[in-house]
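So this block is target04.tsv, TSV, C-alpha atoms and all ligand atoms:
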chain	number	residue	atom	x	y	z
A	276	MET	CA	102.65	-55.93	15.34
A	277	THR	CA	101.85	-54.06	18.52
A	278	SER	CA	100.39	-55.69	21.64
A	279	LEU	CA	96.75	-55.38	22.66
A	280	ASP	CA	97.85	-53.59	25.85
A	281	GLU	CA	99.35	-50.77	23.82
A	282	LEU	CA	96.14	-50.06	21.91
A	283	PRO	CA	93.72	-47.38	23.08
A	284	ILE	CA	91.12	-50.08	23.79
A	285	ARG	CA	88.15	-49.39	26.11
A	286	ASP	CA	89.28	-49.55	29.75
A	287	ASP	CA	86.59	-52.09	30.62
A	288	LEU	CA	87.86	-54.49	27.93
A	289	ARG	CA	91.45	-54.47	29.17
A	290	GLY	CA	92.50	-57.87	30.48
A	291	GLN	CA	89.31	-59.61	29.28
A	292	SER	CA	89.43	-62.98	27.49
A	293	PRO	CA	87.40	-63.73	24.36
A	294	TYR	CA	85.05	-66.72	24.15
A	295	GLY	CA	87.45	-69.57	23.65
A	296	ALA	CA	86.06	-73.06	23.09
A	297	PRO	CA	89.02	-74.75	21.34
A	298	GLN	CA	88.37	-75.39	17.64
A	299	LYS	CA	90.44	-78.43	16.73
A	300	SER	CA	90.19	-80.78	13.83
A	301	VAL	CA	89.33	-84.11	15.46
A	302	ARG	CA	87.40	-87.19	14.44
A	303	ILE	CA	84.98	-86.99	17.36
A	304	ALA	CA	84.03	-83.45	18.40
A	305	LEU	CA	81.84	-83.51	21.51
A	306	ASN	CA	82.76	-80.09	22.84
A	307	VAL	CA	80.24	-77.44	21.77
A	308	ASN	CA	76.91	-79.28	21.99
A	309	GLU	CA	76.17	-79.44	18.30
A	310	ASN	CA	73.90	-82.09	16.86
A	311	THR	CA	76.67	-84.38	15.58
A	312	HIS	CA	74.47	-86.24	13.08
A	313	PRO	CA	75.01	-85.20	9.46
A	314	VAL	CA	72.26	-83.23	7.72
A	315	PRO	CA	70.08	-85.57	5.59
A	316	ASP	CA	70.70	-85.38	1.82
A	317	GLU	CA	67.13	-84.36	1.02
A	318	VAL	CA	67.46	-81.30	3.27
A	319	VAL	CA	70.87	-80.40	1.83
A	320	ALA	CA	69.38	-80.51	-1.68
A	321	HIS	CA	66.38	-78.36	-0.79
A	322	VAL	CA	68.46	-75.77	1.11
A	323	ALA	CA	70.98	-75.63	-1.74
A	324	ALA	CA	68.21	-74.99	-4.27
A	325	ALA	CA	66.72	-72.23	-2.09
A	326	VAL	CA	70.11	-70.57	-1.67
A	327	GLU	CA	70.78	-70.81	-5.39
A	328	ARG	CA	67.48	-69.09	-6.17
A	329	GLU	CA	68.43	-66.33	-3.77
A	330	LEU	CA	71.81	-65.81	-5.38
A	331	ARG	CA	70.15	-64.50	-8.55
A	332	SER	CA	69.10	-61.39	-6.63
A	333	ILE	CA	72.06	-61.19	-4.28
A	334	ASN	CA	72.93	-57.82	-5.85
A	335	ARG	CA	70.04	-56.45	-3.74
A	336	TYR	CA	69.88	-56.05	0.04
A	337	PRO	CA	67.85	-58.74	1.79
A	338	ASP	CA	64.42	-58.28	3.39
A	339	ARG	CA	65.37	-56.27	6.48
A	340	GLU	CA	62.31	-57.58	8.28
A	341	PHE	CA	63.02	-61.24	7.37
A	342	THR	CA	59.26	-61.63	6.98
A	343	ALA	CA	59.21	-65.16	5.55
A	344	LEU	CA	61.64	-66.37	8.20
A	345	ARG	CA	59.60	-64.88	11.05
A	346	GLU	CA	56.54	-66.67	9.67
A	347	SER	CA	58.46	-69.96	9.42
A	348	LEU	CA	59.77	-69.62	12.97
A	349	ALA	CA	56.30	-68.83	14.33
A	350	GLY	CA	55.13	-71.97	12.54
A	351	TYR	CA	57.97	-73.99	14.04
A	352	LEU	CA	56.82	-72.79	17.49
A	353	ALA	CA	53.50	-74.46	16.64
A	354	GLY	CA	51.76	-71.13	16.14
A	355	ARG	CA	52.01	-70.33	19.84
A	356	VAL	CA	53.35	-66.89	18.92
A	357	ARG	CA	52.54	-64.57	16.03
A	358	PRO	CA	55.25	-63.60	13.49
A	359	GLU	CA	55.29	-60.07	15.01
A	360	GLN	CA	56.46	-61.68	18.24
A	361	VAL	CA	59.52	-63.31	16.67
A	362	TRP	CA	63.02	-61.88	16.33
A	363	ALA	CA	66.04	-63.56	14.73
A	364	ALA	CA	69.74	-62.91	14.34
A	365	ASN	CA	73.02	-64.59	13.49
A	366	GLY	CA	72.93	-67.14	16.29
A	367	SER	CA	71.24	-66.65	19.64
A	368	ASN	CA	74.46	-65.00	20.78
A	369	GLU	CA	73.56	-62.06	18.56
A	370	VAL	CA	69.98	-62.17	19.83
A	371	ILE	CA	71.36	-61.88	23.38
A	372	GLN	CA	73.56	-59.00	22.28
A	373	HIS	CA	70.53	-57.19	20.85
A	374	VAL	CA	68.66	-57.74	24.12
A	375	LEU	CA	71.52	-56.25	26.14
A	376	GLN	CA	72.02	-53.38	23.69
A	377	ALA	CA	68.34	-52.49	23.99
A	378	PHE	CA	67.69	-53.11	27.67
A	379	GLY	CA	71.15	-53.15	29.31
A	380	GLY	CA	74.14	-50.93	28.76
A	381	PRO	CA	76.19	-48.61	30.98
A	382	GLY	CA	74.64	-48.03	34.40
A	383	ARG	CA	72.43	-51.12	34.12
A	384	THR	CA	72.76	-54.60	35.58
A	385	VAL	CA	71.97	-58.12	34.44
A	386	LEU	CA	71.60	-60.91	36.99
A	387	GLY	CA	72.73	-64.44	36.15
A	388	PHE	CA	73.20	-67.66	38.08
A	389	PRO	CA	76.65	-69.23	37.45
A	390	PRO	CA	77.81	-71.70	36.47
A	391	THR	CA	75.85	-70.77	33.37
A	392	TYR	CA	76.41	-70.07	29.67
A	393	SER	CA	79.69	-68.16	29.52
A	394	MET	CA	78.57	-65.79	26.76
A	395	HIS	CA	75.92	-64.25	29.02
A	396	SER	CA	78.58	-62.47	31.08
A	397	ILE	CA	80.87	-61.87	28.10
A	398	ILE	CA	78.12	-60.11	26.10
A	399	ALA	CA	77.15	-58.21	29.25
A	400	ALA	CA	80.74	-56.94	29.43
A	401	SER	CA	80.95	-56.02	25.76
A	402	THR	CA	77.72	-54.01	25.98
A	403	GLY	CA	78.85	-52.25	29.17
A	404	THR	CA	76.20	-53.97	31.29
A	405	ALA	CA	77.24	-54.91	34.84
A	406	TRP	CA	77.01	-58.68	35.44
A	407	VAL	CA	75.81	-59.56	38.93
A	408	THR	CA	75.31	-63.07	40.20
A	409	GLY	CA	73.07	-65.16	42.44
A	410	GLU	CA	73.73	-68.53	44.04
A	411	ARG	CA	72.28	-71.85	42.97
A	412	ASP	CA	70.88	-74.59	45.22
A	413	ALA	CA	72.22	-78.14	45.63
A	414	ASP	CA	73.33	-79.86	42.42
A	415	PHE	CA	73.04	-76.60	40.42
A	416	THR	CA	69.24	-76.42	40.72
A	417	LEU	CA	67.53	-73.04	41.12
A	418	SER	CA	64.45	-72.86	43.30
A	419	PRO	CA	61.94	-69.99	43.16
A	420	ASP	CA	62.97	-68.83	46.66
A	421	THR	CA	66.69	-68.78	45.90
A	422	ALA	CA	66.20	-66.97	42.59
A	423	VAL	CA	63.79	-64.43	44.06
A	424	ALA	CA	66.18	-63.70	46.95
A	425	ALA	CA	68.87	-62.80	44.40
A	426	VAL	CA	66.45	-60.58	42.46
A	427	GLU	CA	65.51	-58.77	45.68
A	428	ARG	CA	69.17	-58.37	46.67
A	429	HIS	CA	70.30	-56.94	43.33
A	430	ASP	CA	67.16	-55.30	41.88
A	431	PRO	CA	68.59	-55.93	38.37
A	432	ASP	CA	67.47	-54.36	35.09
A	433	LEU	CA	67.56	-57.80	33.46
A	434	VAL	CA	67.58	-61.40	34.68
A	435	PHE	CA	69.05	-64.17	32.52
A	436	LEU	CA	67.86	-67.71	33.18
A	437	CYS	CA	69.06	-70.72	31.21
A	438	ALA	CA	66.68	-73.66	30.80
A	439	PRO	CA	68.08	-76.31	30.68
A	440	ASN	CA	71.24	-74.70	32.01
A	441	ASN	CA	74.57	-74.87	30.20
A	442	PRO	CA	77.13	-76.19	31.25
A	443	THR	CA	75.32	-78.21	33.93
A	444	GLY	CA	72.30	-79.55	31.99
A	445	THR	CA	70.09	-78.73	34.97
A	446	PRO	CA	66.34	-78.38	34.31
A	447	LEU	CA	64.61	-75.18	35.46
A	448	GLY	CA	61.04	-75.23	36.74
A	449	LEU	CA	58.48	-72.88	35.25
A	450	ASP	CA	57.67	-71.93	38.86
A	451	THR	CA	61.12	-70.31	39.14
A	452	ILE	CA	60.58	-68.35	35.93
A	453	GLU	CA	57.14	-67.18	37.10
A	454	ALA	CA	58.47	-66.19	40.52
A	455	VAL	CA	61.42	-64.28	39.05
A	456	TYR	CA	59.07	-62.45	36.70
A	457	GLU	CA	56.79	-61.43	39.57
A	458	ALA	CA	59.70	-60.32	41.76
A	459	SER	CA	61.52	-58.28	39.14
A	460	ARG	CA	60.79	-54.94	37.52
A	461	GLY	CA	62.94	-55.54	34.42
A	462	ILE	CA	63.43	-57.88	31.51
A	463	VAL	CA	63.49	-61.63	32.21
A	464	MET	CA	65.16	-63.61	29.44
A	465	VAL	CA	65.01	-67.40	29.40
A	466	ASP	CA	67.71	-68.93	27.21
A	467	GLU	CA	66.12	-72.11	25.87
A	468	ALA	CA	68.88	-73.12	23.43
A	469	TYR	CA	68.40	-76.77	24.42
A	470	ALA	CA	64.60	-76.84	24.79
A	471	GLU	CA	64.02	-79.57	22.18
A	472	PHE	CA	66.04	-82.02	24.27
A	473	MET	CA	63.77	-81.74	27.31
A	474	PRO	CA	61.75	-84.85	28.11
A	475	GLU	CA	58.69	-85.25	25.90
A	476	GLY	CA	55.72	-83.25	27.13
A	477	LYS	CA	57.59	-80.97	29.53
A	478	PRO	CA	56.30	-77.39	29.27
A	479	ASP	CA	58.64	-74.66	28.03
A	480	ALA	CA	58.76	-70.94	28.75
A	481	ILE	CA	57.04	-69.99	25.47
A	482	GLY	CA	53.81	-71.01	27.17
A	483	LEU	CA	54.39	-68.30	29.78
A	484	LEU	CA	54.66	-65.40	27.32
A	485	GLU	CA	50.96	-64.48	27.22
A	486	GLY	CA	50.36	-61.59	29.61
A	487	ARG	CA	54.05	-61.20	30.47
A	488	PRO	CA	55.39	-58.38	28.27
A	489	ARG	CA	58.80	-58.33	30.00
A	490	LEU	CA	59.43	-62.06	29.40
A	491	LEU	CA	61.72	-63.07	26.50
A	492	VAL	CA	62.51	-66.61	25.36
A	493	SER	CA	65.56	-67.17	23.17
A	494	ARG	CA	66.07	-70.25	21.02
A	495	THR	CA	68.51	-71.44	18.38
A	496	MET	CA	68.73	-73.63	15.30
A	497	SER	CA	72.32	-74.53	16.33
A	498	LYS	CA	71.57	-77.44	18.67
A	499	ALA	CA	68.74	-79.93	18.13
A	500	PHE	CA	68.03	-78.47	14.70
A	501	ALA	CA	71.54	-79.33	13.43
A	502	PHE	CA	72.10	-75.95	11.78
A	503	ALA	CA	74.94	-74.40	13.81
A	504	GLY	CA	77.02	-73.43	10.79
A	505	ALA	CA	74.18	-71.38	9.31
A	506	ARG	CA	74.06	-69.12	12.42
A	507	LEU	CA	70.40	-68.66	13.18
A	508	GLY	CA	69.09	-67.85	16.64
A	509	TYR	CA	65.70	-66.39	17.48
A	510	LEU	CA	63.56	-65.01	20.24
A	511	ALA	CA	59.88	-64.94	21.11
A	512	ALA	CA	58.38	-62.11	23.13
A	513	ASP	CA	55.75	-59.39	23.14
A	514	ALA	CA	55.67	-57.50	19.81
A	515	ALA	CA	56.79	-54.32	21.61
A	516	VAL	CA	60.02	-56.08	22.63
A	517	ILE	CA	60.67	-56.86	18.97
A	518	ASP	CA	60.25	-53.15	18.21
A	519	ALA	CA	62.90	-52.39	20.84
A	520	LEU	CA	65.34	-54.82	19.22
A	521	ARG	CA	64.83	-53.11	15.83
A	522	LEU	CA	66.42	-50.01	17.36
A	523	VAL	CA	69.78	-51.72	17.92
A	524	ARG	CA	70.18	-54.22	15.09
A	525	LEU	CA	72.32	-53.25	12.13
A	526	PRO	CA	70.35	-52.80	8.90
A	527	TYR	CA	70.04	-56.06	6.94
A	528	HIS	CA	71.77	-58.05	9.69
A	529	LEU	CA	70.39	-61.35	8.38
A	530	SER	CA	71.80	-62.08	4.93
A	531	ALA	CA	69.55	-63.26	2.10
A	532	VAL	CA	71.51	-66.52	2.10
A	533	THR	CA	70.91	-67.08	5.82
A	534	GLN	CA	67.21	-66.27	5.52
A	535	ALA	CA	66.69	-68.56	2.53
A	536	ALA	CA	68.64	-71.42	4.08
A	537	ALA	CA	66.77	-71.19	7.37
A	538	VAL	CA	63.33	-70.97	5.75
A	539	ALA	CA	64.12	-73.98	3.57
A	540	ALA	CA	65.47	-76.02	6.50
A	541	LEU	CA	62.46	-75.19	8.66
A	542	GLU	CA	60.25	-76.83	6.04
A	543	HIS	CA	62.01	-80.05	7.04
A	544	ALA	CA	61.65	-79.59	10.78
A	545	GLU	CA	60.38	-83.12	11.34
A	546	THR	CA	63.33	-84.64	9.47
A	547	MET	CA	65.86	-82.36	11.14
A	548	LEU	CA	64.54	-83.27	14.60
A	549	ARG	CA	64.45	-87.01	13.92
A	550	THR	CA	67.75	-87.49	15.74
A	551	VAL	CA	66.58	-85.83	18.96
A	552	ASP	CA	65.31	-89.10	20.45
A	553	VAL	CA	68.58	-90.90	19.70
A	554	ILE	CA	70.54	-88.04	21.26
A	555	ARG	CA	68.38	-88.09	24.39
A	556	GLN	CA	69.03	-91.83	24.67
A	557	GLN	CA	72.78	-91.26	24.39
A	558	ARG	CA	72.58	-88.53	27.05
A	559	ASP	CA	70.78	-90.87	29.42
A	560	ARG	CA	73.21	-93.64	28.58
A	561	LEU	CA	76.15	-91.32	29.37
A	562	ILE	CA	74.66	-90.59	32.79
A	563	VAL	CA	74.29	-94.31	33.59
A	564	GLU	CA	77.65	-95.41	32.19
A	565	LEU	CA	79.69	-92.51	33.58
A	566	ALA	CA	78.30	-93.37	37.02
A	567	ALA	CA	79.24	-97.02	36.47
A	568	LEU	CA	82.79	-95.87	35.71
A	569	GLY	CA	82.88	-94.13	39.08
A	570	PHE	CA	82.29	-90.57	37.89
A	571	ALA	CA	79.57	-88.29	39.24
A	572	PRO	CA	77.36	-87.20	36.31
A	573	HIS	CA	74.72	-84.52	36.86
A	574	ASP	CA	71.10	-84.78	35.78
A	575	SER	CA	70.65	-83.29	32.30
A	576	TRP	CA	67.74	-82.24	30.13
A	577	ALA	CA	70.07	-81.03	27.37
A	578	ASN	CA	72.27	-82.81	24.80
A	579	PHE	CA	75.31	-82.93	27.06
A	580	VAL	CA	76.37	-84.24	30.43
A	581	LEU	CA	78.52	-82.52	33.05
A	582	PHE	CA	80.35	-85.07	35.18
A	583	GLY	CA	82.34	-84.69	38.37
A	584	GLY	CA	84.76	-87.03	40.06
A	585	VAL	CA	87.51	-86.30	37.52
A	586	ALA	CA	90.82	-86.34	39.40
A	587	ASP	CA	92.60	-84.06	36.93
A	588	PRO	CA	90.36	-82.64	34.18
A	589	GLN	CA	93.31	-81.39	32.11
A	590	THR	CA	94.92	-84.84	32.02
A	591	THR	CA	91.66	-86.56	31.06
A	592	PHE	CA	90.94	-83.89	28.44
A	593	SER	CA	94.39	-84.39	26.90
A	594	TYR	CA	94.14	-88.21	27.01
A	595	LEU	CA	90.86	-88.06	25.09
A	596	LEU	CA	92.31	-85.55	22.64
A	597	ASP	CA	95.24	-87.90	22.00
A	598	HIS	CA	92.54	-90.39	20.96
A	599	ASP	CA	90.93	-87.87	18.59
A	600	ILE	CA	88.07	-87.05	20.96
A	601	LEU	CA	87.43	-83.44	21.94
A	602	ILE	CA	85.26	-82.66	24.98
A	603	ARG	CA	85.06	-79.53	27.15
A	604	ASP	CA	86.79	-78.35	30.29
A	605	VAL	CA	84.33	-75.73	31.53
A	606	GLY	CA	86.58	-74.64	34.37
A	607	LEU	CA	84.65	-76.35	37.17
A	608	ASP	CA	86.87	-78.22	39.66
A	609	ASN	CA	87.07	-81.94	38.94
A	610	HIS	CA	84.46	-81.70	36.19
A	611	LEU	CA	84.29	-82.12	32.42
A	612	ARG	CA	81.39	-81.76	29.98
A	613	VAL	CA	80.66	-84.02	27.04
A	614	THR	CA	78.11	-83.66	24.24
A	615	ALA	CA	75.81	-86.62	23.57
A	616	GLY	CA	76.78	-87.60	20.03
A	617	THR	CA	75.83	-90.52	17.84
A	618	PRO	CA	75.70	-93.98	19.48
A	619	GLY	CA	79.08	-94.78	17.87
A	620	GLU	CA	80.70	-91.58	19.17
A	621	THR	CA	79.33	-92.17	22.66
A	622	THR	CA	80.64	-95.72	22.66
A	623	GLU	CA	84.15	-94.62	21.63
A	624	PHE	CA	84.20	-91.84	24.22
A	625	LEU	CA	83.15	-94.22	26.99
A	626	GLU	CA	85.61	-96.90	25.93
A	627	VAL	CA	88.58	-94.54	25.84
A	628	LEU	CA	87.56	-93.06	29.18
A	629	ALA	CA	87.17	-96.53	30.72
A	630	ARG	CA	90.68	-97.40	29.55
A	631	MET	CA	92.10	-94.33	31.19
A	632	GLY	CA	90.11	-94.52	34.42
A	633	ARG	CA	89.56	-91.60	36.76
B	701	LIG	N1	72.69	-70.23	24.66
B	701	LIG	C1	73.24	-71.31	25.19
B	701	LIG	C2	72.77	-71.78	26.52
B	701	LIG	C3	74.25	-72.00	24.50
B	701	LIG	O1	74.81	-73.09	25.05
B	701	LIG	C4	74.65	-71.53	23.23
B	701	LIG	C5	75.74	-72.22	22.42
B	701	LIG	N2	76.66	-72.92	23.10
B	701	LIG	C6	74.06	-70.38	22.75
B	701	LIG	C7	73.06	-69.75	23.47
B	701	LIG	C8	74.47	-69.74	21.45
B	701	LIG	O2	74.27	-70.50	20.37
B	701	LIG	P1	74.09	-69.89	18.90
B	701	LIG	O3	74.72	-68.51	18.90
B	701	LIG	O4	74.79	-70.85	18.04
B	701	LIG	O5	72.61	-69.81	18.69

Conversion result in structure tokens:
Amino acid sequence: MTSLDELPIRDDLRGQSPYGAPQKSVRIALNVNENTHPVPDEVVAHVAAAVERELRSINRYPDREFTALRESLAGYLAGRVRPEQVWAANGSNEVIQHVLQAFGGPGRTVLGFPPTYSMHSIIAASTGTAWVTGERDADFTLSPDTAVAAVERHDPDLVFLCAPNNPTGTPLGLDTIEAVYEASRGIVMVDEAYAEFMPEGKPDAIGLLEGRPRLLVSRTMSKAFAFAGARLGYLAADAAVIDALRLVRLPYHLSAVTQAAAVAALEHAETMLRTVDVIRQQRDRLIVELAALGFAPHDSWANFVLFGGVADPQTTFSYLLDHDILIRDVGLDNHLRVTAGTPGETTEFLEVLARMGR
């Protein structure tokens, strides 16, 4: 086998690292912010039946326009958008890739606010879009003034906001999104992968879409909806944006199996989201108990908690792994991130951590 360096790979990919959350077989995996509750039997049975039905015609290409799925997703968004305003792909990562393929690319820039979701800059790089960055305020918050100053400094073609932000969990005010939209000339994409975990009644960015044709909101079934393995992410925006994404997607990018599984699961939205309350409680419990252990947890509206005050993240990470618990070192000094799992998983994590100390 030759080495990667010897291949005639694109110059801008030389020396880059792929996305690399460790995939290890452990008893308690709290590292990639999945919903760790098992899928209820009734949903498994219904999805299996839908997939089986689909298999009878799997000799044919799937519906390229994933019509039924777009209708189901519009319904899931409580009818606040029309099916023509919905896009979907194999995970919101692919949605983000489509957005950058259509609106970014060589000679264009996307502005982000690190620390933020690592794939935003990685997909920017793979699509040849320059990644430029703005600062955050205290405790990873992002005020309208700070965000607008970065937009004015960089004049980007796209702005990526993440609400709540990964890996920090930080909420983002709608006022910041509105201000960024007003200040920018390009696409503003709000990554709302964790929206369902926000406190009850808090407004999301979908409510801002009306009258803002450059605003895009991406979502996923991978987190609250407990469907990460199926790979289904989606986006809501003006119908013209959806037309732009059609130009870059590969034909039939969503398999018939994926479409059928997602449509069937969405019929059980209430059941699938039943665990959200429990997860929110575990998140809030983590914040309280991590502080009691002497760590410095950050406020979170997502299903994970970033905590500081870790003397040596690598040592703590390894100690937990030795106890069959996998969490995430996101590369921030003295910090680690943990997903809010089931009550039992949270208890074990906290107990092992308490035994180790800081
Ligand atoms: N956005 C954010 C903020 C995320 O944290 C993730 C997953 N970690 C994604 C998008 C991508 O998720 P998926 O491709 O599974 O939809």

Counting all atoms listed in the file, which residues of chain A sit at most 9 Å from some atom of ligand LIG 701 (chain B), and what is each one's closest atom pair with its distance in Å to one decimal, listed by chain and rising residue number, as CSV?
residue,atom,partner,partner_atom,distance
A:Val307,CA,B:LIG701,N2,5.9
A:Asn308,CA,B:LIG701,N2,6.5
A:Glu309,CA,B:LIG701,N2,8.1
A:Ala364,CA,B:LIG701,O5,8.6
A:Asn365,CA,B:LIG701,O3,6.9
A:Gly366,CA,B:LIG701,O3,3.4
A:Ser367,CA,B:LIG701,O5,3.6
A:Asn368,CA,B:LIG701,O3,4.0
A:Glu369,CA,B:LIG701,O3,6.6
A:Val370,CA,B:LIG701,O3,8.0
A:Ile371,CA,B:LIG701,C7,8.1
A:Thr391,CA,B:LIG701,C2,7.6
A:Tyr392,CA,B:LIG701,C2,5.1
A:Ser393,CA,B:LIG701,O1,8.3
A:Met394,CA,B:LIG701,C7,7.5
A:His395,CA,B:LIG701,N1,8.1
A:Cys437,CA,B:LIG701,C2,6.1
A:Ala438,CA,B:LIG701,C2,7.7
A:Pro439,CA,B:LIG701,C2,7.7
A:Asn440,CA,B:LIG701,C2,6.4
A:Asn441,CA,B:LIG701,C2,5.1
A:Pro442,CA,B:LIG701,O1,7.3
A:Asp466,CA,B:LIG701,N1,5.7
A:Glu467,CA,B:LIG701,C2,6.7
A:Ala468,CA,B:LIG701,N1,4.9
A:Tyr469,CA,B:LIG701,C2,7.0
A:Ser493,CA,B:LIG701,N1,7.9
A:Arg494,CA,B:LIG701,O5,7.0
A:Thr495,CA,B:LIG701,O5,4.4
A:Met496,CA,B:LIG701,O5,6.4
A:Ser497,CA,B:LIG701,O4,4.8
A:Lys498,CA,B:LIG701,O4,7.4
A:Phe502,CA,B:LIG701,O4,8.5
A:Ala503,CA,B:LIG701,O4,5.5
A:Gly504,CA,B:LIG701,O4,8.0
A:Ala505,CA,B:LIG701,O4,8.8
A:Arg506,CA,B:LIG701,O4,5.9
A:Leu507,CA,B:LIG701,O5,6.0
A:Gly508,CA,B:LIG701,O5,4.5
A:Tyr509,CA,B:LIG701,O5,7.8

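For the pair atom CA of A:Ala377 and atom CA of A:Glu359, the separation is 17.6 Å.
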
I'd like the box whose edges run along x, y and z of the file and which contains every listed atom of stretch 480-497 of chain A, padded by 3 Å per side; could you state its centre and edge lengths in Å, one decimal, as JSON?
{"center_x": 61.3, "center_y": -66.4, "center_z": 22.9, "size_x": 28.0, "size_y": 22.2, "size_z": 21.2}

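Here the question is which of A:Arg549, A:Ala343, A:Gly403, A:Lys299 gets nearest to A:Asp286 using all atoms listed in the file, and that residue is A:Gly403.
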
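Pairwise distance (atom CA of A:Leu596, atom CA of A:Ile303) equals 9.1 Å.
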
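Restricting the calculation to only C-alpha atoms, the smallest distance between A:Val301 and any of A:Leu541, A:Leu352, A:Asp597, A:Pro337 is found for A:Asp597.
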
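Nearest-residue note for A:Tyr336: choosing from A:Val319, A:Val532, A:Val407, A:Ala511, the minimum distance belongs to A:Val532, counting only C-alpha atoms.
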
Report task. Please provide the set of residues having any atom within 10 Å of A:Ile562, restricted to only C-alpha atoms, with same-chain residues fewer than 3 positions apart removed, written as a PyMOL selection string. Result -> chain A and resi 556-559+565-567+570-575+579-582

Requested in this report: List the neighbours of A:Asp420 out to 10 Å using only C-alpha atoms; skip same-chain residues closer than 6 positions along the sequence, and give me the result as an NGL selection string.
Outcome: :A and (412 or 426 or 450-451 or 454-455)

Requested in this report: Identify, on the basis of all atoms listed in the file, every residue whose closest approach to stretch 295-298 of chain A does not exceed 10 Å; exclude the query and any residue fewer than 5 positions from it along the same chain; express the result as a PyMOL selection string.
Outcome: chain A and resi 304+306-307+393+601-605

Query raised in the report: Of the residues A:Ala514, A:Ala539, A:Ile398, A:Ile462, which is the one nearest to A:Tyr294, using only C-alpha atoms?
Result: A:Ile398

Requested in this report: Figure out the distance between atom CA of A:Pro419 and atom CA of A:Phe472, please, to one decimal in Å.
Outcome: 22.8 Å

Report task. Give as a PyMOL selection string every residue, naming chains and numbers as the document does, that has an atom within 10 Å of (59.8, -80.0, 30.7), counting only C-alpha atoms. Result -> chain A and resi 438-439+446-449+470-480+576

Report task. Please work out which residues fall within 12 Å of (86.3, -96.2, 29.0), coordinates as given in the file, with only C-alpha atoms counting, and return them as a PyMOL selection string. Result -> chain A and resi 561+564-570+591+594-595+598+621-633
